[in-house]
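The next block is my_file-v8.cif, given as mmCIF, C-alpha atoms.
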data_protein
#
loop_
_atom_site.label_atom_id
_atom_site.label_comp_id
_atom_site.auth_asym_id
_atom_site.auth_seq_id
_atom_site.Cartn_x
_atom_site.Cartn_y
_atom_site.Cartn_z
CA MET O 1 -3.02 -9.54 15.31
CA THR O 2 0.52 -9.61 14.00
CA ASP O 3 3.11 -8.14 16.31
CA ILE O 4 4.46 -5.63 13.83
CA MET O 5 7.65 -5.15 15.82
CA ASN O 6 8.58 -8.73 14.82
CA SER O 7 7.94 -8.02 11.14
CA THR O 8 10.79 -8.08 8.65
CA VAL O 9 10.78 -4.32 8.13
CA LEU O 10 10.80 -3.39 11.82
CA THR O 11 13.37 -5.99 12.88
CA SER O 12 15.58 -4.69 10.04
CA ALA O 13 15.16 -0.98 10.83
CA ARG O 14 14.00 -0.74 14.43
CA PRO O 15 12.84 2.61 15.81
CA LYS O 16 14.10 3.43 19.29
CA PRO O 17 11.46 2.58 21.91
CA GLY O 18 9.55 5.71 22.92
CA SER O 19 10.85 7.72 19.94
CA GLN O 20 8.72 9.88 17.66
CA ILE O 21 9.42 7.50 14.77
CA GLU O 22 8.15 4.55 16.79
CA ALA O 23 4.95 6.51 17.48
CA GLU O 24 4.52 7.27 13.76
CA VAL O 25 5.06 3.58 12.93
CA LEU O 26 2.45 2.56 15.50
CA ASN O 27 0.03 5.13 13.99
CA ARG O 28 0.38 3.16 10.76
CA ARG O 29 0.11 -0.31 12.28
CA ASP O 30 -2.20 -1.56 9.50
CA ILE O 31 0.39 -0.69 6.84
CA PHE O 32 3.11 -2.68 8.61
CA GLU O 33 0.76 -5.61 9.18
CA LYS O 34 -0.25 -5.67 5.52
CA THR O 35 3.38 -5.35 4.41
CA GLN O 36 4.24 -8.51 6.36
CA ALA O 37 1.14 -10.26 4.94
CA ALA O 38 2.39 -9.34 1.46
CA GLU O 39 5.78 -10.93 2.20
CA ILE O 40 3.98 -14.16 3.05
CA ALA O 41 1.83 -13.97 -0.11
CA VAL O 42 4.89 -13.44 -2.30
CA LEU O 43 7.47 -15.71 -0.62
CA THR O 44 5.38 -18.60 0.72
CA PRO O 45 1.98 -18.58 -1.03
CA ALA O 46 -0.41 -21.50 -0.56
CA ASP O 47 -0.46 -21.88 -4.36
CA PRO O 48 3.11 -21.22 -5.55
CA GLY O 49 2.36 -22.06 -9.21
CA GLY O 50 5.58 -22.75 -11.11
CA LEU O 51 7.72 -20.80 -8.62
CA SER O 52 8.57 -23.02 -5.64
CA HIS O 53 9.09 -21.45 -2.23
CA ASP O 54 12.77 -22.32 -2.57
CA LEU O 55 13.10 -20.59 -5.93
CA ARG O 56 11.25 -17.55 -4.58
CA HIS O 57 13.66 -17.28 -1.65
CA ALA O 58 16.69 -17.66 -3.93
CA LEU O 59 15.33 -14.92 -6.23
CA ALA O 60 14.48 -12.67 -3.28
CA ALA O 61 18.04 -13.04 -1.99
CA ARG O 62 19.40 -12.19 -5.43
CA ILE O 63 17.12 -9.13 -5.67
CA ALA O 64 18.23 -7.95 -2.23
CA ALA O 65 21.88 -8.36 -3.27
CA LEU O 66 21.17 -6.34 -6.45
CA HIS O 67 19.74 -3.64 -4.17
CA GLY O 68 22.92 -3.55 -2.08
CA GLU O 69 21.16 -4.96 0.99
CA PRO O 70 23.41 -7.86 2.13
CA ASP O 71 21.57 -8.50 5.41
CA GLN O 72 18.27 -8.96 3.60
CA ALA O 73 20.00 -11.12 0.97
CA ALA O 74 21.36 -13.38 3.73
CA ARG O 75 17.96 -13.56 5.44
CA TYR O 76 16.19 -14.66 2.25
CA ALA O 77 19.04 -17.00 1.22
CA ALA O 78 18.63 -18.80 4.57
CA GLY O 79 15.12 -19.75 3.41
CA VAL O 80 16.44 -21.82 0.47
CA THR O 81 16.35 -25.51 1.45
CA ASP O 82 17.15 -26.97 -1.98
CA ALA O 83 20.97 -26.96 -2.36
CA ALA O 84 20.64 -26.97 -6.16
CA LEU O 85 18.90 -23.57 -6.04
CA SER O 86 21.16 -21.91 -3.42
CA PRO O 87 23.73 -20.61 -5.93
CA LEU O 88 21.01 -18.58 -7.72
CA ALA O 89 20.89 -16.30 -4.68
CA SER O 90 24.24 -14.87 -5.78
CA VAL O 91 24.31 -12.13 -8.42
CA GLY O 92 25.86 -13.23 -11.72
CA THR O 93 25.10 -16.95 -11.42
CA THR O 94 23.31 -18.80 -14.25
CA SER O 95 21.11 -21.89 -14.55
CA ASP O 96 21.14 -24.81 -17.05
CA ASP O 97 17.34 -24.89 -16.86
CA ALA O 98 16.05 -22.65 -19.69
CA GLN O 99 12.96 -21.51 -17.74
CA VAL O 100 14.93 -20.68 -14.62
CA GLN O 101 17.57 -18.89 -16.69
CA ALA O 102 14.86 -16.79 -18.37
CA MET O 103 13.54 -15.88 -14.91
CA LEU O 104 17.03 -14.88 -13.73
CA THR O 105 17.59 -12.63 -16.77
CA PHE O 106 14.17 -11.03 -16.26
CA THR O 107 14.69 -10.58 -12.51
CA ASP O 108 18.08 -8.90 -12.94
CA ALA O 109 16.59 -6.43 -15.45
CA VAL O 110 13.32 -5.71 -13.61
CA SER O 111 15.10 -5.13 -10.32
CA THR O 112 17.86 -2.86 -11.50
CA ASN O 113 16.53 -1.09 -14.57
CA PRO O 114 12.77 -1.49 -14.98
CA ARG O 115 12.50 1.59 -17.24
CA GLU O 116 14.28 -0.27 -20.06
CA ILE O 117 11.95 -3.30 -20.01
CA ILE O 118 10.09 -3.80 -23.30
CA ALA O 119 7.48 -6.28 -24.57
CA GLU O 120 10.23 -8.59 -25.89
CA ASP O 121 11.47 -9.16 -22.31
CA VAL O 122 8.08 -10.67 -21.50
CA THR O 123 8.01 -12.60 -24.78
CA ALA O 124 11.38 -14.13 -23.86
CA LEU O 125 9.81 -15.67 -20.74
CA GLN O 126 6.86 -16.99 -22.77
CA SER O 127 9.24 -18.48 -25.37
CA ALA O 128 11.13 -20.28 -22.59
CA GLY O 129 7.83 -21.87 -21.54
CA VAL O 130 6.99 -19.71 -18.51
CA SER O 131 3.19 -19.42 -18.22
CA ASP O 132 1.45 -16.03 -18.08
CA ALA O 133 0.37 -16.73 -14.48
CA ASP O 134 4.00 -17.43 -13.52
CA ILE O 135 5.14 -14.24 -15.29
CA VAL O 136 2.74 -12.28 -13.07
CA ARG O 137 3.98 -14.15 -9.98
CA LEU O 138 7.58 -13.36 -10.92
CA ALA O 139 6.77 -9.69 -11.54
CA GLU O 140 5.02 -9.48 -8.14
CA LEU O 141 8.02 -11.04 -6.42
CA ASN O 142 10.34 -8.46 -7.98
CA ALA O 143 7.88 -5.65 -7.38
CA PHE O 144 7.19 -6.47 -3.72
CA LEU O 145 10.91 -6.76 -2.94
CA ALA O 146 11.49 -3.36 -4.59
CA TYR O 147 8.94 -1.96 -2.13
CA GLN O 148 10.08 -3.77 1.01
CA LEU O 149 13.80 -3.09 0.48
CA ARG O 150 13.11 0.65 0.00
CA LEU O 151 10.85 0.80 3.03
CA ILE O 152 13.65 -0.76 5.10
CA ALA O 153 16.29 1.58 3.62
CA GLY O 154 14.14 4.68 4.10
CA LEU O 155 13.12 3.81 7.65
CA ARG O 156 16.75 3.07 8.50
CA LEU O 157 17.67 6.60 7.37
CA LEU O 158 14.94 8.06 9.58
CA VAL O 159 16.03 5.98 12.58
CA GLU O 160 19.68 6.95 12.09
CA ALA O 161 18.82 10.63 11.64
CA ALA O 162 17.08 10.59 15.03
CA GLU O 163 20.11 9.18 16.85
CA MET M 1 -11.81 -3.58 -33.78
CA THR M 2 -8.56 -1.91 -34.82
CA VAL M 3 -5.39 -3.88 -34.41
CA LYS M 4 -2.93 -1.96 -32.29
CA THR M 5 0.67 -1.76 -33.35
CA ASN M 6 3.82 -0.50 -31.66
CA ASP M 7 3.03 2.91 -33.14
CA ASP M 8 0.21 3.29 -30.63
CA ILE M 9 2.54 3.05 -27.64
CA ILE M 10 2.89 6.32 -25.73
CA ARG M 11 6.51 7.05 -24.87
CA ARG M 12 6.36 10.57 -23.43
CA PHE M 13 5.04 11.71 -20.08
CA THR M 14 1.51 13.14 -20.17
CA ARG M 15 -1.36 13.87 -17.79
CA ASN M 16 -3.80 12.31 -20.28
CA VAL M 17 -4.37 8.84 -18.90
CA PRO M 18 -3.74 6.28 -21.67
CA GLU M 19 -5.23 2.86 -22.15
CA TRP M 20 -3.22 -0.06 -20.82
CA ARG M 21 -2.58 -2.98 -23.16
CA PRO M 22 -1.51 -6.16 -21.35
CA ARG M 23 1.52 -8.16 -22.51
CA VAL M 24 0.11 -11.33 -20.91
CA THR M 25 -3.42 -12.70 -21.14
CA PRO M 26 -5.70 -11.38 -18.36
CA VAL M 27 -7.77 -13.81 -16.29
CA LYS M 28 -11.19 -14.21 -17.92
CA LEU M 29 -13.94 -13.22 -15.48
CA ALA M 30 -16.11 -16.13 -16.62
CA GLU M 31 -13.30 -18.55 -15.72
CA ALA M 32 -12.20 -16.87 -12.48
CA THR M 33 -12.04 -18.96 -9.30
CA GLN M 34 -14.04 -17.93 -6.23
CA GLU M 35 -10.82 -16.70 -4.63
CA GLN M 36 -10.11 -14.52 -7.67
CA LEU M 37 -13.65 -13.14 -7.68
CA ASP M 38 -13.34 -12.29 -3.99
CA ALA M 39 -10.03 -10.51 -4.55
CA LEU M 40 -11.37 -8.56 -7.52
CA GLN M 41 -14.05 -7.02 -5.30
CA VAL M 42 -11.57 -5.36 -2.99
CA THR M 43 -10.02 -3.31 -5.79
CA PRO M 44 -10.85 0.41 -6.02
CA SER M 45 -12.87 -0.04 -9.24
CA ASN M 46 -15.34 -2.79 -8.58
CA THR M 47 -17.99 -1.84 -11.12
CA LYS M 48 -15.82 -2.52 -14.16
CA VAL M 49 -12.77 -4.73 -13.66
CA SER M 50 -9.80 -3.42 -15.63
CA ASP M 51 -7.44 -5.58 -17.67
CA TYR M 52 -4.69 -4.56 -15.27
CA VAL M 53 -6.48 -6.01 -12.25
CA LEU M 54 -7.46 -9.10 -14.26
CA VAL M 55 -3.77 -9.61 -15.09
CA LEU M 56 -2.85 -9.29 -11.41
CA ALA M 57 -5.55 -11.84 -10.55
CA HIS M 58 -3.14 -14.50 -11.87
CA ASP M 59 -1.40 -14.03 -8.49
CA VAL M 60 -4.51 -13.78 -6.38
CA GLU M 61 -2.84 -14.19 -2.99
CA THR M 62 -0.69 -11.11 -3.60
CA LEU M 63 -3.52 -9.09 -5.17
CA LYS M 64 -5.68 -9.73 -2.12
CA VAL M 65 -3.11 -8.11 0.17
CA ARG M 66 -1.87 -5.45 -2.23
CA SER M 67 -5.13 -3.54 -2.84
CA PRO M 68 -5.85 -2.72 0.83
CA LEU M 69 -2.15 -1.95 1.41
CA PHE M 70 -2.22 0.45 -1.55
CA ASN M 71 -5.27 2.24 -0.15
CA ALA M 72 -3.78 2.48 3.36
CA ILE M 73 -0.57 4.07 2.04
CA MET M 74 -2.13 6.50 -0.46
CA TYR M 75 -5.35 7.41 1.36
CA GLY M 76 -4.67 6.72 5.06
CA LYS M 77 -5.53 9.51 7.52
CA GLY M 78 -3.00 12.03 8.81
CA GLY M 79 0.63 12.57 7.89
CA LEU M 80 1.69 13.72 4.44
CA SER M 81 -1.00 15.49 2.36
CA ARG M 82 -2.59 13.41 -0.38
CA ALA M 83 -1.14 15.67 -3.07
CA GLU M 84 2.37 15.19 -1.68
CA ARG M 85 1.90 11.41 -1.54
CA GLU M 86 1.15 11.67 -5.25
CA LEU M 87 4.51 13.44 -5.68
CA GLY M 88 6.20 10.48 -3.95
CA ALA M 89 4.42 8.18 -6.42
CA LEU M 90 5.49 10.42 -9.31
CA ALA M 91 9.14 10.42 -8.21
CA ALA M 92 9.29 6.63 -8.62
CA SER M 93 7.19 6.64 -11.79
CA ILE M 94 9.53 9.15 -13.45
CA VAL M 95 12.67 7.21 -12.48
CA ASN M 96 11.09 3.98 -13.72
CA HIS M 97 9.56 5.68 -16.78
CA CYS M 98 6.11 4.27 -16.05
CA ILE M 99 4.09 6.47 -18.43
CA TYR M 100 0.74 5.08 -17.27
CA CYS M 101 1.42 5.49 -13.52
CA ALA M 102 2.87 8.96 -14.09
CA ALA M 103 -0.23 10.04 -16.03
CA VAL M 104 -2.68 8.83 -13.39
CA HIS M 105 -0.77 10.33 -10.48
CA ALA M 106 0.19 13.61 -12.21
CA ASP M 107 -3.50 14.09 -12.98
CA ARG M 108 -4.40 13.35 -9.37
CA HIS M 109 -1.69 15.69 -8.11
CA ALA M 110 -3.00 18.48 -10.35
CA GLN M 111 -6.55 17.94 -9.07
CA LEU M 112 -5.65 17.64 -5.38
CA SER M 113 -3.29 20.63 -5.39
CA LYS M 114 -5.48 22.58 -7.86
CA ASP M 115 -2.25 23.35 -9.70
CA LYS M 116 -0.97 21.98 -12.99
CA THR M 117 2.30 23.92 -13.04
CA VAL M 118 4.27 21.44 -10.91
CA THR M 119 3.54 18.48 -13.17
CA ASP M 120 3.83 20.65 -16.32
CA LYS M 121 7.35 21.59 -15.25
CA LEU M 122 8.21 18.03 -14.25
CA PHE M 123 7.17 16.65 -17.61
CA ALA M 124 8.75 19.49 -19.61
CA MET M 125 12.04 19.73 -17.74
CA GLY M 126 12.35 16.27 -16.24
CA GLU M 127 14.21 15.47 -13.05
CA LYS M 128 15.87 18.92 -12.88
CA ALA M 129 12.63 20.94 -13.03
CA ASP M 130 12.74 24.16 -10.98
CA LEU M 131 10.18 23.69 -8.24
CA GLY M 132 9.52 25.21 -4.83
CA PRO M 133 11.87 24.02 -2.06
CA ARG M 134 9.36 21.63 -0.46
CA ASP M 135 8.37 19.92 -3.73
CA ARG M 136 12.05 19.86 -4.76
CA ALA M 137 13.08 18.15 -1.49
CA ILE M 138 10.26 15.60 -1.83
CA LEU M 139 11.16 14.74 -5.43
CA ASP M 140 14.91 14.61 -4.79
CA PHE M 141 14.45 12.19 -1.91
CA GLY M 142 11.86 10.12 -3.80
CA MET M 143 13.88 9.85 -7.00
CA ARG M 144 16.99 8.80 -5.08
CA LEU M 145 15.04 6.21 -3.09
CA ALA M 146 13.55 4.83 -6.32
CA ARG M 147 16.92 3.96 -7.89
CA THR M 148 18.58 0.56 -7.57
CA PRO M 149 20.47 0.38 -5.31
CA GLN M 150 18.61 3.17 -3.59
CA GLN M 151 20.65 6.39 -3.22
CA ALA M 152 18.88 8.47 -0.60
CA THR M 153 21.13 9.61 2.26
CA ALA M 154 20.97 11.57 5.50
CA GLN M 155 21.55 14.69 3.40
CA GLU M 156 18.19 14.35 1.58
CA VAL M 157 16.47 13.58 4.89
CA ALA M 158 17.96 16.79 6.32
CA LYS M 159 16.61 18.72 3.29
CA LEU M 160 13.15 17.31 3.96
CA ARG M 161 13.36 18.44 7.58
CA GLU M 162 14.52 21.92 6.47
CA ALA M 163 11.56 22.06 4.10
CA GLY M 164 9.30 21.48 7.10
CA LEU M 165 8.41 17.78 6.86
CA ASP M 166 8.06 15.99 10.18
CA GLU M 167 8.89 12.33 10.78
CA GLY M 168 5.39 11.06 10.05
CA GLU M 169 5.31 12.96 6.75
CA ILE M 170 8.72 11.61 5.75
CA LEU M 171 7.57 8.08 6.61
CA ASP M 172 4.52 8.57 4.34
CA LEU M 173 6.81 9.78 1.55
CA ILE M 174 9.04 6.70 1.95
CA LEU M 175 5.90 4.53 1.81
CA SER M 176 4.43 6.14 -1.32
CA THR M 177 7.71 6.08 -3.24
CA ALA M 178 8.38 2.47 -2.17
CA LEU M 179 4.81 1.50 -3.10
CA PHE M 180 5.30 2.88 -6.61
CA SER M 181 8.62 1.10 -6.94
CA TRP M 182 6.28 -1.91 -6.62
CA ALA M 183 3.42 -0.61 -8.83
CA ASN M 184 5.75 0.53 -11.63
CA ARG M 185 7.21 -3.00 -11.79
CA LEU M 186 3.75 -4.33 -12.56
CA MET M 187 2.23 -1.60 -14.75
CA HIS M 188 5.32 -0.80 -16.82
CA ILE M 189 6.48 -4.43 -17.03
CA LEU M 190 3.26 -6.32 -17.75
CA GLY M 191 1.72 -3.96 -20.32
CA ASP M 192 2.05 -0.95 -22.62
CA PRO M 193 0.42 2.50 -22.39
CA VAL M 194 -1.44 3.06 -25.66
CA ARG M 195 -3.61 5.80 -27.17
CA LYS M 196 -7.26 5.50 -26.23
CA SER M 197 -9.27 3.93 -28.99
CA GLY M 198 -12.38 5.66 -30.31
#
What would you get if you wrote out this structure as structure tokens?
Amino acid sequence: MTDIMNSTVLTSARPKPGSQIEAEVLNRRDIFEKTQAAEIAVLTPADPGGLSHDLRHALAARIAALHGEPDQAARYAAGVTDAALSPLASVGTTSDDAQVQAMLTFTDAVSTNPREIIAEDVTALQSAGVSDADIVRLAELNAFLAYQLRLIAGLRLLVEAAE
Amino acid sequence: MTVKTNDDIIRRFTRNVPEWRPRVTPVKLAEATQEQLDALQVTPSNTKVSDYVLVLAHDVETLKVRSPLFNAIMYGKGGLSRAERELGALAASIVNHCIYCAAVHADRHAQLSKDKTVTDKLFAMGEKADLGPRDRAILDFGMRLARTPQQATAQEVAKLREAGLDEGEILDLILSTALFSWANRLMHILGDPVRKSG
């Protein structure tokens, strides 16, 4: 069984030992275990398709930065081993690779303003040569990070309110 | 078969659950790998596999984890009532304008709370709808948490406490709103809500 206290969420927003919040977290152990399992599925899947583990970490860092979570951005950026991809972790950077650039444009929009996304945003990825399976992988990466970053932010508020 | 055009896309909030038209090609069941077939069984609707789940099957490793996580957050025992978890889901779905998610979860909220007035008001008046203090506190916190960057502060947490929510209930609200910040980025991004055919 995963030690949930070592999970990303609970190392990032750690309830005080013995506190009511810690008890509520432990009551929901399965949720925190599955959240960490989802991070593994999204960041380091056995079958990464067209999104390498390095690219996924660079995008995750960029998404965290877009969410105003610099500590999470730094944590994900540290997982990028390919120096050529490291710059993509920073908001506002671009890529000469048309497929990667399409993924950056999509990621910036899906993370910050999903309500404005229209069918043409998906078509743009397809036109750049991104496969439908990779479009789903990219959407899941953005979507999972949107969840995890808010869980961390919300839990942090609860922990701070109890202090 | 009628060809669907952009005119069929539903753009206003409703409790009538639309059809979902994928923007990418769903996995074909006949061509699914064993791993995909296994993952498809753990989804809530295992008799008829929806296009939505068949689209998500393109990323089978994530789908496999996401379905049980979804169920644990929305249906797990104790804590926030199921109707109020639906409000947390609605807060995100309204911010992200996910018509499909909002329809499903407004309908569920109306059924669970045996009250349509809350979602009627939400859809008619939007984010500023005049609701009871507890629903208002839940929606204010949820809608702020759903924005990017998230905007919830200690002030909204204090309002939740004043409205009577304990720490476990607030944690469940955080979880349901965060979960729909995830779900909206699949449902609203990978397909369109369209009028039911036939």
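Checking O:Lys16, O:Arg75, O:Arg28, O:His67 one by one against chain M, counting all atoms listed in the file, you find the shortest gap at O:His67.
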Next item on the list: Would you kindly return, as a PyMOL selection string, each protein, DNA or RNA residue with an atom no farther than 8 Å from any atom of O:Ile152, considering all atoms listed in the file and excluding same-chain residues fewer than 6 positions away?
Entry: chain O and resi 9-10+12-13
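The closest residue to chain O, picked from M:Gln41, M:Thr117, M:Thr33, M:Thr25 and counting all atoms listed in the file, is M:Thr25.
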When the cut-off is 8 Å and we count all atoms listed in the file, which residues of chain O are near chain M, given as an mmCIF file with C-alpha atoms, in the coordinates of the input?
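Output file selection-v6.cif follows:
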data_model
loop_
_atom_site.group_PDB
_atom_site.id
_atom_site.type_symbol
_atom_site.label_atom_id
_atom_site.label_comp_id
_atom_site.auth_asym_id
_atom_site.auth_seq_id
_atom_site.Cartn_x
_atom_site.Cartn_y
_atom_site.Cartn_z
ATOM 1 C CA GLN O 20 8.720 9.880 17.660
ATOM 2 C CA ILE O 21 9.420 7.500 14.770
ATOM 3 C CA GLU O 24 4.520 7.270 13.760
ATOM 4 C CA ASP O 30 -2.200 -1.560 9.500
ATOM 5 C CA ILE O 31 0.390 -0.690 6.840
ATOM 6 C CA LYS O 34 -0.250 -5.670 5.520
ATOM 7 C CA THR O 35 3.380 -5.350 4.410
ATOM 8 C CA ALA O 37 1.140 -10.260 4.940
ATOM 9 C CA ALA O 38 2.390 -9.340 1.460
ATOM 10 C CA ALA O 41 1.830 -13.970 -0.110
ATOM 11 C CA VAL O 42 4.890 -13.440 -2.300
ATOM 12 C CA PRO O 45 1.980 -18.580 -1.030
ATOM 13 C CA LEU O 66 21.170 -6.340 -6.450
ATOM 14 C CA HIS O 67 19.740 -3.640 -4.170
ATOM 15 C CA GLY O 68 22.920 -3.550 -2.080
ATOM 16 C CA VAL O 110 13.320 -5.710 -13.610
ATOM 17 C CA SER O 111 15.100 -5.130 -10.320
ATOM 18 C CA THR O 112 17.860 -2.860 -11.500
ATOM 19 C CA ASN O 113 16.530 -1.090 -14.570
ATOM 20 C CA PRO O 114 12.770 -1.490 -14.980
ATOM 21 C CA ARG O 115 12.500 1.590 -17.240
ATOM 22 C CA ILE O 117 11.950 -3.300 -20.010
ATOM 23 C CA ILE O 118 10.090 -3.800 -23.300
ATOM 24 C CA ALA O 119 7.480 -6.280 -24.570
ATOM 25 C CA VAL O 122 8.080 -10.670 -21.500
ATOM 26 C CA ASP O 132 1.450 -16.030 -18.080
ATOM 27 C CA ALA O 133 0.370 -16.730 -14.480
ATOM 28 C CA ASP O 134 4.000 -17.430 -13.520
ATOM 29 C CA VAL O 136 2.740 -12.280 -13.070
ATOM 30 C CA ARG O 137 3.980 -14.150 -9.980
ATOM 31 C CA ALA O 139 6.770 -9.690 -11.540
ATOM 32 C CA GLU O 140 5.020 -9.480 -8.140
ATOM 33 C CA ASN O 142 10.340 -8.460 -7.980
ATOM 34 C CA ALA O 143 7.880 -5.650 -7.380
ATOM 35 C CA PHE O 144 7.190 -6.470 -3.720
ATOM 36 C CA LEU O 145 10.910 -6.760 -2.940
ATOM 37 C CA ALA O 146 11.490 -3.360 -4.590
ATOM 38 C CA TYR O 147 8.940 -1.960 -2.130
ATOM 39 C CA GLN O 148 10.080 -3.770 1.010
ATOM 40 C CA ARG O 150 13.110 0.650 0.000
ATOM 41 C CA LEU O 151 10.850 0.800 3.030
ATOM 42 C CA ALA O 153 16.290 1.580 3.620
ATOM 43 C CA GLY O 154 14.140 4.680 4.100
ATOM 44 C CA LEU O 155 13.120 3.810 7.650
ATOM 45 C CA LEU O 157 17.670 6.600 7.370
ATOM 46 C CA LEU O 158 14.940 8.060 9.580
ATOM 47 C CA ALA O 161 18.820 10.630 11.640
#
Next item on the list: Apply the PyMOL selection byres ((chain M and resi 107-110) around 10) to the displayed file and report the matching residues as number ranges by chain.
Entry: M: 14-17, 82-87, 89-90, 101-106, 111-120
Checklist line | Interatomic distance, atom CA of M:Ala30 to atom CA of O:Asp47 (Å, one decimal) | finding: 20.7 Å
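Between atom CA of O:Leu55 and atom CA of O:Asp121 lies a distance of 20.0 Å.
Here atom CA of O:Pro48 is placed at a distance of 20.8 Å from atom CA of M:Tyr52.
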Checklist line | Protein/DNA/RNA residues near (11.4, -15.2, -16.1), cut 8 Å, only C-alpha atoms, as a count of residues only | finding: 15
Next item on the list: Tell me which protein, DNA and RNA residues are within 6 Å of stretch 89-98 of chain O, counting only C-alpha atoms, leaving out same-chain ones fewer than 6 positions away, and put them as a ChimeraX atom specification.
Entry: /O:58-59,61-62
Item checked: the PyMOL selection byres ((chain O and resi 43) around 8) resolved against shown file, as a PyMOL selection string -> chain O and resi 39-42+44-45+53+56-57+141
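Nearest residue to O:Ile63 among O:Pro15, O:Gly50, O:Leu149, O:Ala84 is O:Leu149, counting all atoms listed in the file.
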